[in-house]
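Chemist: For reference, the file target.cif (mmCIF, C-alpha atoms) is included below:
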data_work
loop_
_atom_site.label_atom_id
_atom_site.label_comp_id
_atom_site.auth_asym_id
_atom_site.auth_seq_id
_atom_site.Cartn_x
_atom_site.Cartn_y
_atom_site.Cartn_z
CA THR F 1 -0.42 80.69 50.63
CA ILE F 2 -1.17 79.45 47.10
CA LYS F 3 0.52 82.53 45.63
CA ARG F 4 3.52 82.03 47.93
CA LYS F 5 3.80 78.36 46.90
CA ALA F 6 3.64 79.29 43.21
CA ARG F 7 6.26 82.02 43.69
CA ASN F 8 8.59 79.56 45.50
CA GLU F 9 8.19 77.02 42.69
CA THR F 10 8.99 79.73 40.11
CA MET F 11 12.09 80.78 42.10
CA THR F 12 13.26 77.15 42.34
CA LYS F 13 12.80 76.64 38.59
CA LYS F 14 14.70 79.88 37.90
CA LYS F 15 17.61 78.82 40.17
CA ASN F 16 17.74 75.37 38.55
CA LYS F 17 17.78 76.95 35.09
CA GLU F 18 20.63 79.32 36.11
CA VAL F 19 22.63 76.38 37.42
CA GLU F 20 22.04 74.43 34.21
CA GLU F 21 23.11 77.42 32.11
CA GLY F 22 26.24 77.87 34.20
CA LYS F 23 25.26 81.30 35.53
CA LYS F 24 25.33 80.19 39.15
CA LYS F 25 27.18 77.40 40.85
CA ALA F 26 25.17 74.85 42.74
CA ARG F 27 25.90 74.77 46.44
CA SER F 28 28.10 71.82 47.30
CA ALA F 29 27.24 69.34 50.03
CA ASN F 30 28.05 70.10 53.65
CA TYR F 31 31.49 69.13 54.88
CA THR F 32 31.76 65.86 56.76
CA SER F 33 33.78 65.52 59.95
CA ARG F 34 36.31 63.46 57.96
CA GLU F 35 36.73 66.32 55.46
CA ASP F 36 37.15 68.77 58.36
CA GLU F 37 39.93 66.61 59.79
CA LEU F 38 41.62 66.44 56.38
CA ILE F 39 41.51 70.25 56.12
CA ALA F 40 43.21 70.50 59.51
CA LYS F 41 45.84 67.98 58.42
CA ALA F 42 46.40 69.77 55.10
CA TRP F 43 46.86 73.03 57.00
CA GLY F 44 49.25 71.33 59.41
CA SER F 45 51.25 69.78 56.60
CA ALA F 46 51.57 73.09 54.73
CA THR F 47 52.66 75.02 57.82
CA LEU F 48 55.47 72.57 58.55
CA ASN F 49 57.00 72.83 55.08
CA GLU F 50 60.65 73.40 56.03
CA LEU F 51 61.68 74.30 52.49
CA LYS F 52 59.25 77.21 52.19
CA GLY F 53 58.56 77.90 55.85
CA ASN F 54 57.16 81.34 56.56
CA TYR F 55 58.42 82.73 53.24
CA GLN F 56 55.31 81.88 51.24
CA ASP F 57 52.90 84.53 50.08
CA GLU F 58 49.27 83.93 51.00
CA LYS F 59 48.24 82.65 47.57
CA LYS F 60 51.04 80.06 47.43
CA TYR F 61 50.40 79.10 51.04
CA TRP F 62 46.71 78.42 50.41
CA THR F 63 47.45 76.70 47.11
CA SER F 64 49.75 74.30 48.96
CA ILE F 65 46.99 73.63 51.53
CA LEU F 66 44.52 73.01 48.69
CA ASP F 67 46.97 70.67 46.92
CA ARG F 68 47.50 68.63 50.08
CA TYR F 69 43.77 68.53 50.76
CA GLN F 70 43.06 67.33 47.21
CA GLU F 71 45.63 64.54 47.67
CA PHE F 72 43.92 63.48 50.89
CA VAL F 73 40.40 63.48 49.42
CA GLN F 74 41.47 61.45 46.38
CA ASP F 75 42.84 58.79 48.73
CA ASN F 76 39.56 58.78 50.67
CA ASN F 77 37.08 59.04 47.73
CA LEU F 78 35.68 62.37 48.94
CA PRO F 79 34.51 65.32 46.80
CA GLU F 80 36.99 68.02 45.80
CA ARG F 81 36.41 71.54 47.11
CA SER F 82 37.29 74.98 45.80
CA LEU F 83 39.96 77.17 47.37
CA ASP F 84 37.34 79.68 48.57
CA SER F 85 35.32 76.92 50.16
CA LEU F 86 38.39 75.48 51.86
CA GLN F 87 39.48 78.87 53.23
CA SER F 88 36.00 79.58 54.56
CA ARG F 89 35.76 76.18 56.22
CA TRP F 90 39.24 76.55 57.74
CA ARG F 91 38.21 79.86 59.33
CA THR F 92 35.20 78.11 60.87
CA ILE F 93 37.28 75.17 62.12
CA SER F 94 40.09 77.36 63.46
CA HIS F 95 37.72 79.73 65.26
CA ALA F 96 35.72 76.92 66.88
CA CYS F 97 38.82 74.93 67.87
CA THR F 98 40.52 78.01 69.33
CA LYS F 99 37.43 78.81 71.39
CA PHE F 100 37.08 75.21 72.56
CA ASN F 101 40.78 74.95 73.38
CA GLY F 102 40.63 78.07 75.54
CA ILE F 103 37.70 76.59 77.45
CA TYR F 104 39.42 73.21 77.74
CA LEU F 105 42.63 74.79 79.08
CA GLN F 106 40.60 76.68 81.66
CA VAL F 107 38.64 73.59 82.72
CA SER F 108 41.62 71.23 82.83
CA ARG F 109 43.69 73.70 84.83
CA VAL F 110 41.61 72.88 87.92
CA VAL F 111 42.56 69.35 88.96
CA LYS F 112 39.50 67.43 90.14
CA SER F 113 39.70 64.17 92.01
CA GLY F 114 38.62 61.18 89.91
CA TRP F 115 38.46 63.18 86.67
CA ASN F 116 40.11 61.99 83.48
CA ASP F 117 40.50 63.64 80.07
CA GLU F 118 37.06 62.42 79.03
CA LYS F 119 35.36 64.29 81.88
CA TYR F 120 37.33 67.48 81.18
CA HIS F 121 36.36 67.23 77.49
CA ALA F 122 32.70 66.76 78.42
CA GLU F 123 32.75 69.79 80.73
CA ALA F 124 34.53 71.90 78.08
CA GLU F 125 31.93 70.83 75.50
CA GLN F 126 29.11 71.78 77.85
CA ILE F 127 30.59 75.23 78.52
CA TYR F 128 31.26 75.71 74.80
CA HIS F 129 27.60 74.90 74.07
CA GLN F 130 26.44 77.38 76.72
CA GLU F 131 28.67 80.17 75.40
CA VAL F 132 28.37 79.61 71.64
CA LYS F 133 24.84 78.21 71.61
CA LYS F 134 25.83 75.26 69.44
CA LYS F 135 27.49 71.91 69.76
CA PHE F 136 31.26 71.66 69.26
CA ASP F 137 31.52 69.69 66.00
CA PHE F 138 35.28 69.69 65.46
CA PHE F 139 36.58 67.31 68.10
CA GLY F 140 38.72 65.32 65.63
CA CYS F 141 40.23 68.54 64.30
CA TRP F 142 40.92 69.78 67.82
CA LEU F 143 42.64 66.50 68.76
CA TYR F 144 44.99 67.00 65.82
CA LEU F 145 45.49 70.75 66.22
CA LYS F 146 45.99 70.95 69.98
CA ASP F 147 49.42 69.30 69.70
CA HIS F 148 50.44 70.89 66.41
CA PRO F 149 53.46 73.17 66.92
CA LYS F 150 52.25 76.08 64.74
CA TRP F 151 48.66 76.08 66.01
CA SER F 152 49.60 75.68 69.64
CA ILE F 153 51.94 78.70 69.65
CA GLY F 154 49.01 81.06 70.23
CA GLN F 155 47.45 78.60 72.65
CA THR F 156 50.64 78.38 74.70
CA THR F 157 50.56 82.14 75.11
CA LEU F 158 46.97 81.87 76.35
CA ARG F 159 47.98 79.14 78.80
CA GLU F 160 50.84 81.29 80.13
CA ILE F 161 48.55 84.30 80.59
CA VAL F 162 45.99 82.24 82.49
CA THR F 163 48.69 80.72 84.71
CA VAL F 164 50.32 84.10 85.46
CA ARG F 165 46.95 85.64 86.39
CA GLU F 166 46.22 82.84 88.84
CA ASP F 167 49.61 83.16 90.50
CA LYS F 168 48.93 86.80 91.43
#
Show me this structure written as structure tokens.
Modeler:
Amino acid sequence: TIKRKARNETMTKKKNKEVEEGKKKARSANYTSREDELIAKAWGSATLNELKGNYQDEKKYWTSILDRYQEFVQDNNLPERSLDSLQSRWRTISHACTKFNGIYLQVSRVVKSGWNDEKYHAEAEQIYHQEVKKKFDFFGCWLYLKDHPKWSIGQTTLREIVTVREDK
């Protein structure tokens, strides 16, 4: 254990030295829920750009999302993030929100006496946790995305499929 501790200290010193010399970037802090919501809003804003619409190449599209995000974080005194970091986080948010939304649509489809949105959300969160084995951490993002026209296009299709299957 003494050798292991010494080796870990040597590795830490080496990593710190590489960061100081600019060889490796230091890992930035975890995203906050506020930052996640701002990413969703930046995505939403960029997808509704009527001047450019669907005629943007991927690089310009993501640059516009990054620009909007940077505007939002400056107004909220939050740290700036790189394009790669933003894209990676968006994939995580989008995947989790899509999964949760599918569960929520399934749960809310069955009308239960005395239930309100809060109870349906709680049940959807419980099922999400059972299926994914982690807590759903993007509720604020989901609240924004679920009504967004571009994001809900795929979700509407899911809702129609579920409804058609039940009718048979």
Chemist: Residues at most 9 Å from range 40-47 of chain F, counting all atoms listed in the file, excluding those fewer than 6 positions away in the same chain, as a ChimeraX atom specification?
Modeler: /F:53-54,61-62,64-70,72,90,93-94,141-142,144-145,148-151
Chemist: Report, in Å to a single decimal, how far apart CA of Ala96 in chain F and CA of Glu118 in chain F are.
Modeler: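 Pair CA of Glu118 in chain F / CA of Ala96 in chain F returns 19.0 Å.
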Chemist: CA of Glu125 in chain F to CA of Cys97 in chain F: how many Å, to one decimal?
Modeler: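 Taking CA of Glu125 in chain F as the start and CA of Cys97 in chain F as the end point, the length is 11.1 Å.
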Chemist: How far is it from CA of His121 in chain F to CA of Asp36 in chain F, in Å with one decimal?
Modeler: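 Computed distance, CA of His121 in chain F to CA of Asp36 in chain F, equals 19.2 Å.
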Chemist: Would you please work out which residue, of F:Leu38, F:Tyr128, F:Asp147, F:Ser28, is nearest to Asp75 in chain F when using all atoms listed in the file?
Modeler: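 Once distances to Asp75 in chain F are computed over all atoms listed in the file, the minimum belongs to F:Leu38.
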Chemist: Here's a test: counting all atoms listed in the file, identify every protein, DNA and RNA residue with an atom at most 12 Å from (36.8, 79.5, 79.4) in the file's coordinate frame, and state them as a list of chain:residue names.
Modeler: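 Applying the cut-off with all atoms listed in the file, one gets F:Thr98, F:Lys99, F:Phe100, F:Asn101, F:Gly102, F:Ile103, F:Tyr104, F:Leu105, F:Gln106, F:Val107, F:Ser108, F:Arg109, F:Val110, F:Glu123, F:Ala124, F:Glu125, F:Gln126, F:Ile127, F:Tyr128, F:His129, F:Gln130, F:Glu131, F:Val132, F:Leu158, F:Arg159, F:Val162.
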Chemist: Selected residues, C-alpha atoms, written as a PDB file, in the coordinates of the input, please.
Modeler:
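See part_5.pdb below for the written result:
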ATOM      1  CA  THR F  98      40.520  78.010  69.330  1.00  0.00           C
ATOM      2  CA  LYS F  99      37.430  78.810  71.390  1.00  0.00           C
ATOM      3  CA  PHE F 100      37.080  75.210  72.560  1.00  0.00           C
ATOM      4  CA  ASN F 101      40.780  74.950  73.380  1.00  0.00           C
ATOM      5  CA  GLY F 102      40.630  78.070  75.540  1.00  0.00           C
ATOM      6  CA  ILE F 103      37.700  76.590  77.450  1.00  0.00           C
ATOM      7  CA  TYR F 104      39.420  73.210  77.740  1.00  0.00           C
ATOM      8  CA  LEU F 105      42.630  74.790  79.080  1.00  0.00           C
ATOM      9  CA  GLN F 106      40.600  76.680  81.660  1.00  0.00           C
ATOM     10  CA  VAL F 107      38.640  73.590  82.720  1.00  0.00           C
ATOM     11  CA  SER F 108      41.620  71.230  82.830  1.00  0.00           C
ATOM     12  CA  ARG F 109      43.690  73.700  84.830  1.00  0.00           C
ATOM     13  CA  VAL F 110      41.610  72.880  87.920  1.00  0.00           C
ATOM     14  CA  GLU F 123      32.750  69.790  80.730  1.00  0.00           C
ATOM     15  CA  ALA F 124      34.530  71.900  78.080  1.00  0.00           C
ATOM     16  CA  GLU F 125      31.930  70.830  75.500  1.00  0.00           C
ATOM     17  CA  GLN F 126      29.110  71.780  77.850  1.00  0.00           C
ATOM     18  CA  ILE F 127      30.590  75.230  78.520  1.00  0.00           C
ATOM     19  CA  TYR F 128      31.260  75.710  74.800  1.00  0.00           C
ATOM     20  CA  HIS F 129      27.600  74.900  74.070  1.00  0.00           C
ATOM     21  CA  GLN F 130      26.440  77.380  76.720  1.00  0.00           C
ATOM     22  CA  GLU F 131      28.670  80.170  75.400  1.00  0.00           C
ATOM     23  CA  VAL F 132      28.370  79.610  71.640  1.00  0.00           C
ATOM     24  CA  LEU F 158      46.970  81.870  76.350  1.00  0.00           C
ATOM     25  CA  ARG F 159      47.980  79.140  78.800  1.00  0.00           C
ATOM     26  CA  VAL F 162      45.990  82.240  82.490  1.00  0.00           C
TER      27      VAL F 162
END
Chemist: Find the residue from F:Lys60, F:Lys112, F:Lys146, F:Arg81 that sits nearest to Tyr31 in chain F; use all atoms listed in the file when measuring.
Modeler: F:Arg81
Chemist: So, counting all atoms listed in the file, which residue among F:Lys133, F:Leu143, F:Thr63, F:Gln56 is closest to Asp84 in chain F?
Modeler: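 Counting all atoms listed in the file, the residue closest to Asp84 in chain F is F:Thr63.
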